[in-house]
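This is entry-v5.cif (mmCIF, C-alpha atoms).
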```
data_data
#
loop_
_atom_site.group_PDB
_atom_site.id
_atom_site.type_symbol
_atom_site.label_atom_id
_atom_site.label_comp_id
_atom_site.auth_asym_id
_atom_site.auth_seq_id
_atom_site.Cartn_x
_atom_site.Cartn_y
_atom_site.Cartn_z
ATOM 1 C CA MET H 6 38.643 136.189 57.713
ATOM 2 C CA LEU H 7 39.098 136.639 61.395
ATOM 3 C CA SER H 8 42.060 137.586 63.503
ATOM 4 C CA LEU H 9 45.496 136.088 63.351
ATOM 5 C CA GLY H 10 46.202 135.870 67.060
ATOM 6 C CA LYS H 11 49.517 137.223 68.245
ATOM 7 C CA PHE H 12 51.433 136.379 71.337
ATOM 8 C CA ASP H 13 53.398 138.288 73.885
ATOM 9 C CA SER H 14 56.393 137.205 75.899
ATOM 10 C CA LYS H 15 55.891 138.021 79.554
ATOM 11 C CA ASP H 16 58.776 138.745 81.896
ATOM 12 C CA ASP H 17 58.657 135.157 83.141
ATOM 13 C CA GLY H 18 59.274 133.906 79.622
ATOM 14 C CA SER H 19 55.795 132.487 79.105
ATOM 15 C CA VAL H 20 53.635 133.266 76.113
ATOM 16 C CA LYS H 21 50.030 134.406 76.134
ATOM 17 C CA ASN H 22 47.423 135.094 73.482
ATOM 18 C CA LEU H 23 46.662 138.589 72.298
ATOM 19 C CA PRO H 24 44.138 138.428 69.447
ATOM 20 C CA GLY H 25 44.798 141.023 66.767
ATOM 21 C CA GLY H 26 42.496 142.679 64.271
ATOM 22 C CA LYS H 27 40.653 141.065 61.386
ATOM 23 C CA VAL H 28 42.983 139.988 58.628
ATOM 24 C CA VAL H 29 42.797 138.122 55.355
ATOM 25 C CA VAL H 30 45.211 135.259 54.914
ATOM 26 C CA GLY H 31 46.969 135.615 51.581
ATOM 27 C CA GLY H 32 47.094 132.999 48.860
ATOM 28 C CA ALA H 33 49.830 130.554 48.140
ATOM 29 C CA GLY H 34 51.886 132.696 45.794
ATOM 30 C CA ASP H 35 54.687 135.145 46.416
ATOM 31 C CA SER H 36 53.617 137.398 43.590
ATOM 32 C CA HIS H 37 51.239 140.176 44.606
ATOM 33 C CA PRO H 38 50.816 143.921 44.117
ATOM 34 C CA GLY H 39 53.779 145.732 45.590
ATOM 35 C CA SER H 40 56.036 142.691 45.544
ATOM 36 C CA SER H 41 58.430 141.090 43.107
ATOM 37 C CA ASP H 42 57.213 138.497 40.627
ATOM 38 C CA ALA H 43 58.014 135.113 42.173
ATOM 39 C CA THR H 44 59.134 133.788 38.779
ATOM 40 C CA THR H 45 62.024 136.258 38.754
ATOM 41 C CA CYS H 46 62.946 136.085 42.444
ATOM 42 C CA ARG H 47 66.113 134.493 43.736
ATOM 43 C CA GLY H 48 66.352 134.636 47.504
ATOM 44 C CA ASN H 49 69.680 135.342 49.173
ATOM 45 C CA LEU H 50 69.330 133.631 52.546
ATOM 46 C CA ASP H 51 72.264 131.299 51.881
ATOM 47 C CA ASN H 52 74.497 134.293 51.255
ATOM 48 C CA LEU H 53 73.318 136.279 54.273
ATOM 49 C CA LEU H 54 72.980 133.865 57.176
ATOM 50 C CA THR H 55 75.660 131.417 58.299
ATOM 51 C CA THR H 56 75.649 128.739 60.957
ATOM 52 C CA ASP H 57 77.919 130.921 63.079
ATOM 53 C CA ASP H 58 75.437 133.798 62.735
ATOM 54 C CA TRP H 59 72.632 131.472 63.849
ATOM 55 C CA GLU H 60 74.508 130.516 66.982
ATOM 56 C CA THR H 61 75.244 134.179 67.719
ATOM 57 C CA LEU H 62 71.622 135.221 67.238
ATOM 58 C CA PHE H 63 70.000 132.327 69.120
ATOM 59 C CA PRO H 64 72.497 131.096 71.723
ATOM 60 C CA SER H 65 69.881 129.908 74.224
ATOM 61 C CA ARG H 66 67.389 128.145 71.959
ATOM 62 C CA GLN H 67 68.394 124.697 73.221
ATOM 63 C CA ASN H 68 68.705 125.726 76.854
ATOM 64 C CA SER H 69 66.979 123.338 79.246
ATOM 65 C CA ALA H 70 64.555 126.124 80.177
ATOM 66 C CA CYS H 71 63.278 126.213 76.595
ATOM 67 C CA THR H 72 60.962 123.619 75.090
ATOM 68 C CA ALA H 73 61.373 124.215 71.362
ATOM 69 C CA HIS H 74 64.049 121.503 71.160
ATOM 70 C CA THR H 75 61.938 118.747 72.764
ATOM 71 C CA PHE H 76 59.036 116.522 71.778
ATOM 72 C CA SER H 77 55.812 116.676 73.807
ATOM 73 C CA ASN H 78 57.047 113.748 75.909
ATOM 74 C CA GLY H 79 60.139 115.731 76.900
ATOM 75 C CA SER H 80 62.646 113.804 74.782
ATOM 76 C CA SER H 81 65.101 115.807 72.693
ATOM 77 C CA ILE H 82 64.508 116.417 68.996
ATOM 78 C CA PRO H 83 67.617 115.214 67.119
ATOM 79 C CA GLY H 84 69.384 118.312 65.855
ATOM 80 C CA GLY H 85 66.846 120.576 67.533
ATOM 81 C CA PHE H 86 63.734 122.206 66.053
ATOM 82 C CA TYR H 87 64.495 125.825 65.210
ATOM 83 C CA GLU H 88 67.587 125.107 63.157
ATOM 84 C CA LEU H 89 69.004 127.047 60.235
ATOM 85 C CA GLN H 90 68.624 124.316 57.629
ATOM 86 C CA ALA H 91 64.884 124.098 58.293
ATOM 87 C CA LEU H 92 64.556 127.844 57.722
ATOM 88 C CA LYS H 93 66.577 127.605 54.513
ATOM 89 C CA THR H 94 64.426 124.740 53.226
ATOM 90 C CA ALA H 95 61.262 126.718 53.951
ATOM 91 C CA ALA H 96 62.718 129.892 52.431
ATOM 92 C CA ASP H 97 63.343 128.059 49.159
ATOM 93 C CA LYS H 98 59.553 128.115 48.720
ATOM 94 C CA PHE H 99 59.496 131.899 49.161
ATOM 95 C CA PRO H 100 62.091 133.093 46.615
ATOM 96 C CA CYS H 101 61.091 136.755 46.908
ATOM 97 C CA PHE H 102 62.217 136.775 50.544
ATOM 98 C CA LEU H 103 65.557 138.650 50.726
ATOM 99 C CA ASP H 104 65.569 139.156 46.956
ATOM 100 C CA LYS H 105 66.968 142.669 46.531
ATOM 101 C CA ALA H 106 69.955 141.715 44.375
ATOM 102 C CA ASP H 107 71.162 145.322 44.274
ATOM 103 C CA GLY H 108 70.330 146.086 47.882
ATOM 104 C CA LEU H 109 72.465 144.216 50.400
ATOM 105 C CA THR H 110 71.527 146.641 53.169
ATOM 106 C CA VAL H 111 67.831 146.197 52.385
ATOM 107 C CA ASN H 112 68.157 142.415 52.474
ATOM 108 C CA LYS H 113 69.996 142.503 55.790
ATOM 109 C CA ARG H 114 67.379 144.816 57.276
ATOM 110 C CA GLU H 115 64.584 142.540 56.151
ATOM 111 C CA LEU H 116 66.352 139.509 57.574
ATOM 112 C CA SER H 117 66.963 141.334 60.859
ATOM 113 C CA ALA H 118 63.309 142.362 61.018
ATOM 114 C CA PHE H 119 61.948 138.890 60.281
ATOM 115 C CA LEU H 120 64.230 137.224 62.815
ATOM 116 C CA ALA H 121 63.423 139.908 65.389
ATOM 117 C CA GLN H 122 59.683 139.359 65.059
ATOM 118 C CA ILE H 123 59.840 135.576 65.344
ATOM 119 C CA SER H 124 62.259 135.963 68.252
ATOM 120 C CA HIS H 125 59.797 138.125 70.160
ATOM 121 C CA GLU H 126 56.952 135.716 69.426
ATOM 122 C CA THR H 127 58.949 132.756 70.778
ATOM 123 C CA THR H 128 61.121 134.406 73.412
ATOM 124 C CA GLY H 129 61.980 132.878 76.730
ATOM 125 C CA GLY H 130 63.867 135.955 77.869
ATOM 126 C CA TRP H 131 63.261 138.167 80.874
ATOM 127 C CA ALA H 132 64.819 141.379 82.149
ATOM 128 C CA THR H 133 67.730 139.734 83.967
ATOM 129 C CA ALA H 134 68.088 136.661 81.757
ATOM 130 C CA PRO H 135 71.636 135.348 81.232
ATOM 131 C CA GLY H 136 73.015 137.043 78.151
ATOM 132 C CA GLY H 137 70.155 139.549 78.219
ATOM 133 C CA PRO H 138 66.524 139.232 77.082
ATOM 134 C CA GLN H 139 67.531 139.179 73.423
ATOM 135 C CA ALA H 140 69.594 136.012 73.843
ATOM 136 C CA TRP H 141 66.446 133.912 74.228
ATOM 137 C CA GLY H 142 64.671 133.979 70.877
ATOM 138 C CA LEU H 143 63.268 130.728 69.445
ATOM 139 C CA CYS H 144 62.833 129.305 72.932
ATOM 140 C CA PHE H 145 59.220 128.138 72.577
ATOM 141 C CA LYS H 146 57.442 126.496 69.658
ATOM 142 C CA GLU H 147 53.960 126.641 71.154
ATOM 143 C CA GLU H 148 52.041 128.639 73.702
ATOM 144 C CA VAL H 149 52.864 127.579 77.246
ATOM 145 C CA CYS H 150 49.242 126.751 78.063
ATOM 146 C CA ALA H 151 49.970 123.480 76.245
ATOM 147 C CA ASN H 152 52.105 122.431 79.209
ATOM 148 C CA SER H 153 49.077 122.477 81.497
ATOM 149 C CA GLY H 154 46.426 121.368 79.007
ATOM 150 C CA SER H 155 44.616 124.696 79.302
ATOM 151 C CA CYS H 156 44.610 125.772 75.644
ATOM 152 C CA ASP H 157 40.902 125.232 74.998
ATOM 153 C CA ALA H 158 40.043 128.879 74.333
ATOM 154 C CA TYR H 159 41.002 128.939 70.650
ATOM 155 C CA CYS H 160 38.022 127.279 68.964
ATOM 156 C CA ALA H 161 35.497 129.623 67.356
ATOM 157 C CA ALA H 162 32.210 127.724 67.307
ATOM 158 C CA GLY H 163 30.682 126.353 64.140
ATOM 159 C CA ASP H 164 32.382 127.192 60.867
ATOM 160 C CA PRO H 165 33.359 130.861 61.104
ATOM 161 C CA CYS H 166 35.196 130.788 57.765
ATOM 162 C CA THR H 167 32.198 129.680 55.709
ATOM 163 C CA ALA H 168 30.010 132.074 57.692
ATOM 164 C CA ALA H 169 32.357 134.910 56.699
ATOM 165 C CA GLY H 170 32.114 133.961 53.026
ATOM 166 C CA ASP H 171 35.445 132.178 52.751
ATOM 167 C CA ALA H 172 35.928 129.200 50.460
ATOM 168 C CA VAL H 173 37.900 127.164 52.991
ATOM 169 C CA PRO H 174 35.860 125.738 55.895
ATOM 170 C CA CYS H 175 37.390 125.762 59.367
ATOM 171 C CA PRO H 176 35.313 123.859 61.943
ATOM 172 C CA CYS H 177 37.271 122.652 64.944
ATOM 173 C CA ALA H 178 38.192 118.977 64.972
ATOM 174 C CA ALA H 179 37.185 116.954 68.001
ATOM 175 C CA GLY H 180 39.852 116.888 70.668
ATOM 176 C CA LYS H 181 42.115 119.427 68.948
ATOM 177 C CA THR H 182 43.185 122.857 70.151
ATOM 178 C CA TYR H 183 44.360 125.791 68.071
ATOM 179 C CA HIS H 184 46.629 127.648 70.449
ATOM 180 C CA GLY H 185 49.721 129.465 69.246
ATOM 181 C CA ARG H 186 52.225 127.281 67.431
ATOM 182 C CA GLY H 187 55.310 127.972 65.356
ATOM 183 C CA PRO H 188 57.575 131.025 64.950
ATOM 184 C CA MET H 189 54.650 133.406 64.354
ATOM 185 C CA GLN H 190 52.403 131.572 66.833
ATOM 186 C CA LEU H 191 49.500 130.750 64.525
ATOM 187 C CA SER H 192 46.280 130.545 66.542
ATOM 188 C CA TRP H 193 42.519 129.915 66.202
ATOM 189 C CA ASN H 194 40.754 127.458 63.907
ATOM 190 C CA TYR H 195 39.832 130.254 61.468
ATOM 191 C CA ASN H 196 43.536 130.671 60.740
ATOM 192 C CA TYR H 197 44.613 127.034 60.853
ATOM 193 C CA GLY H 198 42.101 126.078 58.136
ATOM 194 C CA PRO H 199 43.017 128.673 55.480
ATOM 195 C CA PHE H 200 46.724 128.409 56.276
ATOM 196 C CA SER H 201 46.514 124.652 55.619
ATOM 197 C CA VAL H 202 45.484 125.298 52.032
ATOM 198 C CA ALA H 203 47.912 128.156 51.405
ATOM 199 C CA LEU H 204 50.901 126.390 52.944
ATOM 200 C CA GLY H 205 50.054 123.030 51.413
ATOM 201 C CA GLU H 206 50.048 124.575 47.952
ATOM 202 C CA LYS H 207 53.251 126.442 48.651
ATOM 203 C CA LEU H 208 55.085 123.380 49.992
ATOM 204 C CA GLY H 209 53.546 120.947 47.512
ATOM 205 C CA ILE H 210 52.138 118.686 50.219
ATOM 206 C CA SER H 211 48.771 117.670 51.605
ATOM 207 C CA LEU H 212 48.355 119.652 54.810
ATOM 208 C CA ASP H 213 45.383 119.645 57.172
ATOM 209 C CA LEU H 214 46.245 121.731 60.212
ATOM 210 C CA LEU H 215 42.692 121.514 61.534
ATOM 211 C CA ALA H 216 42.988 117.746 61.874
ATOM 212 C CA ASP H 217 46.681 117.797 62.776
ATOM 213 C CA PRO H 218 47.592 121.184 64.303
ATOM 214 C CA ASP H 219 50.679 119.685 65.942
ATOM 215 C CA LYS H 220 52.270 119.493 62.493
ATOM 216 C CA LEU H 221 53.413 123.042 63.249
ATOM 217 C CA ILE H 222 55.457 121.853 66.212
ATOM 218 C CA GLU H 223 56.590 118.548 64.741
ATOM 219 C CA ASP H 224 57.842 119.649 61.319
ATOM 220 C CA PRO H 225 60.257 122.598 61.515
ATOM 221 C CA VAL H 226 60.015 123.293 57.773
ATOM 222 C CA VAL H 227 56.240 123.671 58.016
ATOM 223 C CA ALA H 228 56.733 125.813 61.123
ATOM 224 C CA PHE H 229 59.120 128.236 59.423
ATOM 225 C CA ALA H 230 56.990 128.222 56.270
ATOM 226 C CA SER H 231 53.992 129.381 58.306
ATOM 227 C CA ALA H 232 56.007 132.372 59.520
ATOM 228 C CA LEU H 233 57.337 133.183 56.058
ATOM 229 C CA HIS H 234 53.869 132.966 54.543
ATOM 230 C CA PHE H 235 52.587 135.488 57.051
ATOM 231 C CA TRP H 236 55.625 137.702 56.407
ATOM 232 C CA MET H 237 55.300 137.653 52.616
ATOM 233 C CA GLU H 238 51.558 137.984 52.055
ATOM 234 C CA PRO H 239 49.394 141.122 52.282
ATOM 235 C CA ARG H 240 45.976 140.820 53.913
ATOM 236 C CA GLY H 241 43.351 143.005 52.305
ATOM 237 C CA SER H 242 44.509 146.607 52.628
ATOM 238 C CA VAL H 243 47.201 145.612 55.134
ATOM 239 C CA PRO H 244 50.609 145.319 53.437
ATOM 240 C CA SER H 245 52.984 142.430 53.862
ATOM 241 C CA CYS H 246 55.869 142.901 56.245
ATOM 242 C CA HIS H 247 58.138 142.023 53.323
ATOM 243 C CA SER H 248 56.879 144.854 51.130
ATOM 244 C CA VAL H 249 57.291 147.293 54.009
ATOM 245 C CA MET H 250 60.881 146.326 54.764
ATOM 246 C CA VAL H 251 62.101 146.273 51.154
ATOM 247 C CA GLY H 252 60.532 149.596 50.192
ATOM 248 C CA GLU H 253 57.872 148.241 47.845
ATOM 249 C CA TRP H 254 54.950 149.565 49.879
ATOM 250 C CA ALA H 255 53.939 153.191 49.476
ATOM 251 C CA PRO H 256 51.507 154.682 52.008
ATOM 252 C CA SER H 257 48.178 155.957 50.750
ATOM 253 C CA SER H 258 46.894 159.351 51.801
ATOM 254 C CA GLU H 259 44.867 157.582 54.491
ATOM 255 C CA ASP H 260 47.952 155.734 55.721
ATOM 256 C CA THR H 261 49.883 158.988 55.905
ATOM 257 C CA ALA H 262 47.069 160.672 57.807
ATOM 258 C CA LYS H 263 47.110 157.811 60.287
ATOM 259 C CA GLY H 264 50.865 157.962 60.803
ATOM 260 C CA ARG H 265 51.617 154.698 59.023
ATOM 261 C CA VAL H 266 55.065 155.096 57.502
ATOM 262 C CA PRO H 267 57.564 152.522 56.169
ATOM 263 C CA GLY H 268 59.997 151.087 58.693
ATOM 264 C CA PHE H 269 60.280 148.342 61.281
ATOM 265 C CA GLY H 270 57.561 149.974 63.362
ATOM 266 C CA LEU H 271 55.042 149.323 60.627
ATOM 267 C CA THR H 272 55.761 145.589 60.713
ATOM 268 C CA ILE H 273 54.768 145.677 64.382
ATOM 269 C CA ASN H 274 51.546 147.371 63.327
ATOM 270 C CA VAL H 275 50.917 144.675 60.717
ATOM 271 C CA ILE H 276 51.542 141.892 63.222
ATOM 272 C CA ASN H 277 49.810 143.207 66.339
ATOM 273 C CA GLY H 278 48.944 146.860 65.892
ATOM 274 C CA VAL H 279 45.578 146.700 67.632
ATOM 275 C CA GLN H 280 47.285 145.633 70.845
ATOM 276 C CA GLU H 281 50.629 147.429 70.653
ATOM 277 C CA CYS H 282 50.444 150.594 68.536
ATOM 278 C CA ASP H 283 48.901 154.087 68.771
ATOM 279 C CA ALA H 284 49.972 154.365 72.417
ATOM 280 C CA PRO H 285 53.094 155.181 74.440
ATOM 281 C CA THR H 286 55.759 152.585 73.756
ATOM 282 C CA ASP H 287 54.471 149.213 74.894
ATOM 283 C CA HIS H 288 56.944 146.818 76.531
ATOM 284 C CA ARG H 289 56.213 144.333 73.757
ATOM 285 C CA VAL H 290 57.120 146.923 71.136
ATOM 286 C CA GLN H 291 60.351 147.685 72.963
ATOM 287 C CA ASP H 292 61.231 143.994 73.039
ATOM 288 C CA ARG H 293 60.680 143.713 69.292
ATOM 289 C CA VAL H 294 62.770 146.830 68.640
ATOM 290 C CA ASP H 295 65.557 145.613 70.915
ATOM 291 C CA PHE H 296 65.720 142.326 69.020
ATOM 292 C CA TYR H 297 65.764 144.186 65.704
ATOM 293 C CA LYS H 298 68.511 146.587 66.708
ATOM 294 C CA LYS H 299 70.633 143.757 68.086
ATOM 295 C CA PHE H 300 70.255 141.675 64.933
ATOM 296 C CA ALA H 301 70.875 144.638 62.636
ATOM 297 C CA GLY H 302 74.089 145.182 64.568
ATOM 298 C CA VAL H 303 75.126 141.569 64.029
ATOM 299 C CA PHE H 304 74.605 142.008 60.281
ATOM 300 C CA GLY H 305 76.379 145.369 60.276
ATOM 301 C CA VAL H 306 73.534 147.558 59.036
ATOM 302 C CA ASP H 307 71.818 150.654 60.345
ATOM 303 C CA PRO H 308 68.266 149.728 61.423
ATOM 304 C CA GLY H 309 66.790 152.701 59.586
ATOM 305 C CA ALA H 310 64.075 155.099 60.688
ATOM 306 C CA HIS H 311 60.593 154.679 62.161
ATOM 307 C CA LEU H 312 61.294 151.757 64.485
ATOM 308 C CA TYR H 313 58.261 152.339 66.712
ATOM 309 C CA CYS H 314 54.510 152.523 66.111
ATOM 310 C CA ASP H 315 53.460 154.831 68.973
ATOM 311 C CA THR H 316 51.897 157.372 66.602
ATOM 312 C CA GLN H 317 50.521 154.875 64.089
ATOM 313 C CA LYS H 318 46.854 154.007 63.965
ATOM 314 C CA PRO H 319 46.331 150.264 63.595
ATOM 315 C CA TRP H 320 44.318 148.898 60.730
ATOM 316 C CA THR H 321 40.750 148.381 61.878
ATOM 317 C CA ALA H 322 39.059 145.056 62.465
ATOM 318 C CA THR H 323 37.347 145.444 59.089
ATOM 319 C CA ALA H 324 40.467 146.301 57.106
ATOM 320 C CA GLY H 325 40.398 144.785 53.649
#
```
Just give me the structure as structure tokens.
Amino acid sequence: MLSLGKFDSKDDGSVKNLPGGKVVVGGAGDSHPGSSDATTCRGNLDNLLTTDDWETLFPSRQNSACTAHTFSNGSSIPGGFYELQALKTAADKFPCFLDKADGLTVNKRELSAFLAQISHETTGGWATAPGGPQAWGLCFKEEVCANSGSCDAYCAAGDPCTAAGDAVPCPCAAGKTYHGRGPMQLSWNYNYGPFSVALGEKLGISLDLLADPDKLIEDPVVAFASALHFWMEPRGSVPSCHSVMVGEWAPSSEDTAKGRVPGFGLTINVINGVQECDAPTDHRVQDRVDFYKKFAGVFGVDPGAHLYCDTQKPWTATAG
């Protein structure tokens, strides 16, 4: 499969595409090597994240400068879009998320890391933003090119999935665009197609994101589920962010030689290493780390070691 495009928050709060390396979208199940068996998992989100926490973490998400809380016609979404109950409903389908029953610190670190990454991907913050840059997570639900109708660059011609040997076809539908949508900013037709199948099976619904890509910005449960699916599933030789944060991933000798060590920094590598890692600290990396450290502080845990990916080689475009 081809790249899962990632997005970067610029200082003006807009979001732009930064295609990552080649990845393989995981299947519909939670259970995979290096992760807990989904049949024995019991997630702890309800016990870890309260409504008051949500307001503390995302105080600006319904600010008038943000668009995540509005429909495409500008009218307000009743109750907002990025709301806690939608995340909890989606998380019910991923029971291995936050499932370390004997590891409260581990669970809080994973939660901090997940929320930090989706905050960076959807941020509306800038250097002098009221409350600071990290007060503006979950501001956008789609790439800002949608506001000007200039999101036509995300259709790979033909059927790149079938051409790559995948079972799920992914030709672009007429009149549809596949720009970044949702908390992890899913992009490109070669990701929308396979994710439709994986998420549909996970949620128990019929889902065709190629024909209806706006489902990711109209249904908050589907939106959060897309982010959780990415978080929980490995892609070829690339580990899941979940397995990294809960200590289930062990580096191979090749990983060690390439500086890839467990910690928040490795989740950055998984998400957008080709663009952000193996270089002096990128401003995008710093934004992710700042979100993580802030959220870890809210949950009262030490963020742990290896927060950056400056010395980590990214997985190559042919990984897996």
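Our summary of the geometry notes that atom CA of Pro138 of chain H is positioned 28.0 Å from atom CA of Thr94 of chain H.
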* To do: Spell out the residues picked by the PyMOL selection byres ((chain H and resi 95) around 12) here, as JSON, numbers by chain.
  => {"H": [48, 50, 87, 88, 89, 90, 91, 92, 93, 94, 96, 97, 98, 99, 100, 102, 204, 207, 208, 209, 224, 225, 226, 227, 228, 229, 230, 231, 232, 233, 234]}
With C-alpha atoms retained, write the just-selected residues as a PDB file, in the coordinates of the input.
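Everything below was put into out-v6.pdb:
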```
ATOM      1  CA  GLY H  48      66.352 134.636  47.504  1.00  0.00           C
ATOM      2  CA  LEU H  50      69.330 133.631  52.546  1.00  0.00           C
ATOM      3  CA  TYR H  87      64.495 125.825  65.210  1.00  0.00           C
ATOM      4  CA  GLU H  88      67.587 125.107  63.157  1.00  0.00           C
ATOM      5  CA  LEU H  89      69.004 127.047  60.235  1.00  0.00           C
ATOM      6  CA  GLN H  90      68.624 124.316  57.629  1.00  0.00           C
ATOM      7  CA  ALA H  91      64.884 124.098  58.293  1.00  0.00           C
ATOM      8  CA  LEU H  92      64.556 127.844  57.722  1.00  0.00           C
ATOM      9  CA  LYS H  93      66.577 127.605  54.513  1.00  0.00           C
ATOM     10  CA  THR H  94      64.426 124.740  53.226  1.00  0.00           C
ATOM     11  CA  ALA H  96      62.718 129.892  52.431  1.00  0.00           C
ATOM     12  CA  ASP H  97      63.343 128.059  49.159  1.00  0.00           C
ATOM     13  CA  LYS H  98      59.553 128.115  48.720  1.00  0.00           C
ATOM     14  CA  PHE H  99      59.496 131.899  49.161  1.00  0.00           C
ATOM     15  CA  PRO H 100      62.091 133.093  46.615  1.00  0.00           C
ATOM     16  CA  PHE H 102      62.217 136.775  50.544  1.00  0.00           C
ATOM     17  CA  LEU H 204      50.901 126.390  52.944  1.00  0.00           C
ATOM     18  CA  LYS H 207      53.251 126.442  48.651  1.00  0.00           C
ATOM     19  CA  LEU H 208      55.085 123.380  49.992  1.00  0.00           C
ATOM     20  CA  GLY H 209      53.546 120.947  47.512  1.00  0.00           C
ATOM     21  CA  ASP H 224      57.842 119.649  61.319  1.00  0.00           C
ATOM     22  CA  PRO H 225      60.257 122.598  61.515  1.00  0.00           C
ATOM     23  CA  VAL H 226      60.015 123.293  57.773  1.00  0.00           C
ATOM     24  CA  VAL H 227      56.240 123.671  58.016  1.00  0.00           C
ATOM     25  CA  ALA H 228      56.733 125.813  61.123  1.00  0.00           C
ATOM     26  CA  PHE H 229      59.120 128.236  59.423  1.00  0.00           C
ATOM     27  CA  ALA H 230      56.990 128.222  56.270  1.00  0.00           C
ATOM     28  CA  SER H 231      53.992 129.381  58.306  1.00  0.00           C
ATOM     29  CA  ALA H 232      56.007 132.372  59.520  1.00  0.00           C
ATOM     30  CA  LEU H 233      57.337 133.183  56.058  1.00  0.00           C
ATOM     31  CA  HIS H 234      53.869 132.966  54.543  1.00  0.00           C
TER      32      HIS H 234
END
```
Check what the PyMOL selection byres ((chain H and resi 265-281) around 7) selects in the file above and give those residues as a PDB file with C-alpha atoms, in the coordinates of the input.
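Ended up saving to part05.pdb:
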```pdb
ATOM      1  CA  LYS H  11      49.517 137.223  68.245  1.00  0.00           C
ATOM      2  CA  GLY H  25      44.798 141.023  66.767  1.00  0.00           C
ATOM      3  CA  GLY H  26      42.496 142.679  64.271  1.00  0.00           C
ATOM      4  CA  ALA H 118      63.309 142.362  61.018  1.00  0.00           C
ATOM      5  CA  VAL H 243      47.201 145.612  55.134  1.00  0.00           C
ATOM      6  CA  CYS H 246      55.869 142.901  56.245  1.00  0.00           C
ATOM      7  CA  VAL H 249      57.291 147.293  54.009  1.00  0.00           C
ATOM      8  CA  MET H 250      60.881 146.326  54.764  1.00  0.00           C
ATOM      9  CA  PRO H 256      51.507 154.682  52.008  1.00  0.00           C
ATOM     10  CA  ASP H 260      47.952 155.734  55.721  1.00  0.00           C
ATOM     11  CA  THR H 261      49.883 158.988  55.905  1.00  0.00           C
ATOM     12  CA  LYS H 263      47.110 157.811  60.287  1.00  0.00           C
ATOM     13  CA  GLY H 264      50.865 157.962  60.803  1.00  0.00           C
ATOM     14  CA  CYS H 282      50.444 150.594  68.536  1.00  0.00           C
ATOM     15  CA  ASP H 287      54.471 149.213  74.894  1.00  0.00           C
ATOM     16  CA  VAL H 290      57.120 146.923  71.136  1.00  0.00           C
ATOM     17  CA  ALA H 310      64.075 155.099  60.688  1.00  0.00           C
ATOM     18  CA  HIS H 311      60.593 154.679  62.161  1.00  0.00           C
ATOM     19  CA  LEU H 312      61.294 151.757  64.485  1.00  0.00           C
ATOM     20  CA  TYR H 313      58.261 152.339  66.712  1.00  0.00           C
ATOM     21  CA  CYS H 314      54.510 152.523  66.111  1.00  0.00           C
ATOM     22  CA  GLN H 317      50.521 154.875  64.089  1.00  0.00           C
ATOM     23  CA  LYS H 318      46.854 154.007  63.965  1.00  0.00           C
ATOM     24  CA  PRO H 319      46.331 150.264  63.595  1.00  0.00           C
TER      25      PRO H 319
END
```
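Comparing H:Leu109, H:Cys144, H:Leu214, H:Ala255 by their smallest distance to Gln67 of chain H, the closest is H:Cys144 (using only C-alpha atoms).
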* Nearest candidate to Val303 of chain H (options H:Asn194, H:His125, H:Trp59, H:Ser245; using only C-alpha atoms) -> H:Trp59
* Evaluating the PyMOL selection byres ((chain H and resi 162-168) around 10) on the displayed file yields which residues, as a list in words? -> Met6, Leu7, Tyr159, Cys160, Ala161, Ala169, Gly170, Asp171, Ala172, Val173, Pro174, Cys175, Pro176, Cys177, Asn194, Tyr195, Asn196, Gly198 and Pro199 of chain H
* Record the distance separating atom CA of Pro239 of chain H and atom CA of Asp104 of chain H, expressed in Å with one decimal. => 17.1 Å
* Structure fact -> Between atom CA of Ser117 of chain H and atom CA of Cys46 of chain H lies a distance of 19.6 Å
* To do: Could you pull out every residue with an atom within 12 Å of (69.8, 145.9, 67.6), file coordinates, counting all atoms listed in the file, and send them as number ranges by chain?
  => H: 62, 114, 117-118, 120-121, 139-140, 269, 291-309, 312
* Tell me which protein, DNA and RNA residues are within 8 Å of Ile123 of chain H, counting all atoms listed in the file, leaving out same-chain ones fewer than 5 positions away, and put them as an NGL selection string. => :H and (142-143 or 188-189 or 232)
Would you write out those residues with C-alpha atoms, as a compact mmCIF listing (two decimals), in the coordinates of the input?
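Everything below was put into result.txt:
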```txt
# COMPACT_ATOMS: atom_id res chain seq x y z
CA GLY H 142 64.67 133.98 70.88
CA LEU H 143 63.27 130.73 69.44
CA PRO H 188 57.58 131.02 64.95
CA MET H 189 54.65 133.41 64.35
CA ALA H 232 56.01 132.37 59.52
```
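Nearest to Cys101 of chain H of all the residues H:Ala203, H:Tyr197, H:Pro285, H:Glu253 is H:Glu253, based on only C-alpha atoms.
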* Asked: Pick the closest to Leu191 of chain H from H:Ser155, H:Ser242, H:Ser65, H:Thr127: which is it, counting all atoms listed in the file?
  ->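 Result for the nearest residue to Leu191 of chain H: H:Thr127.
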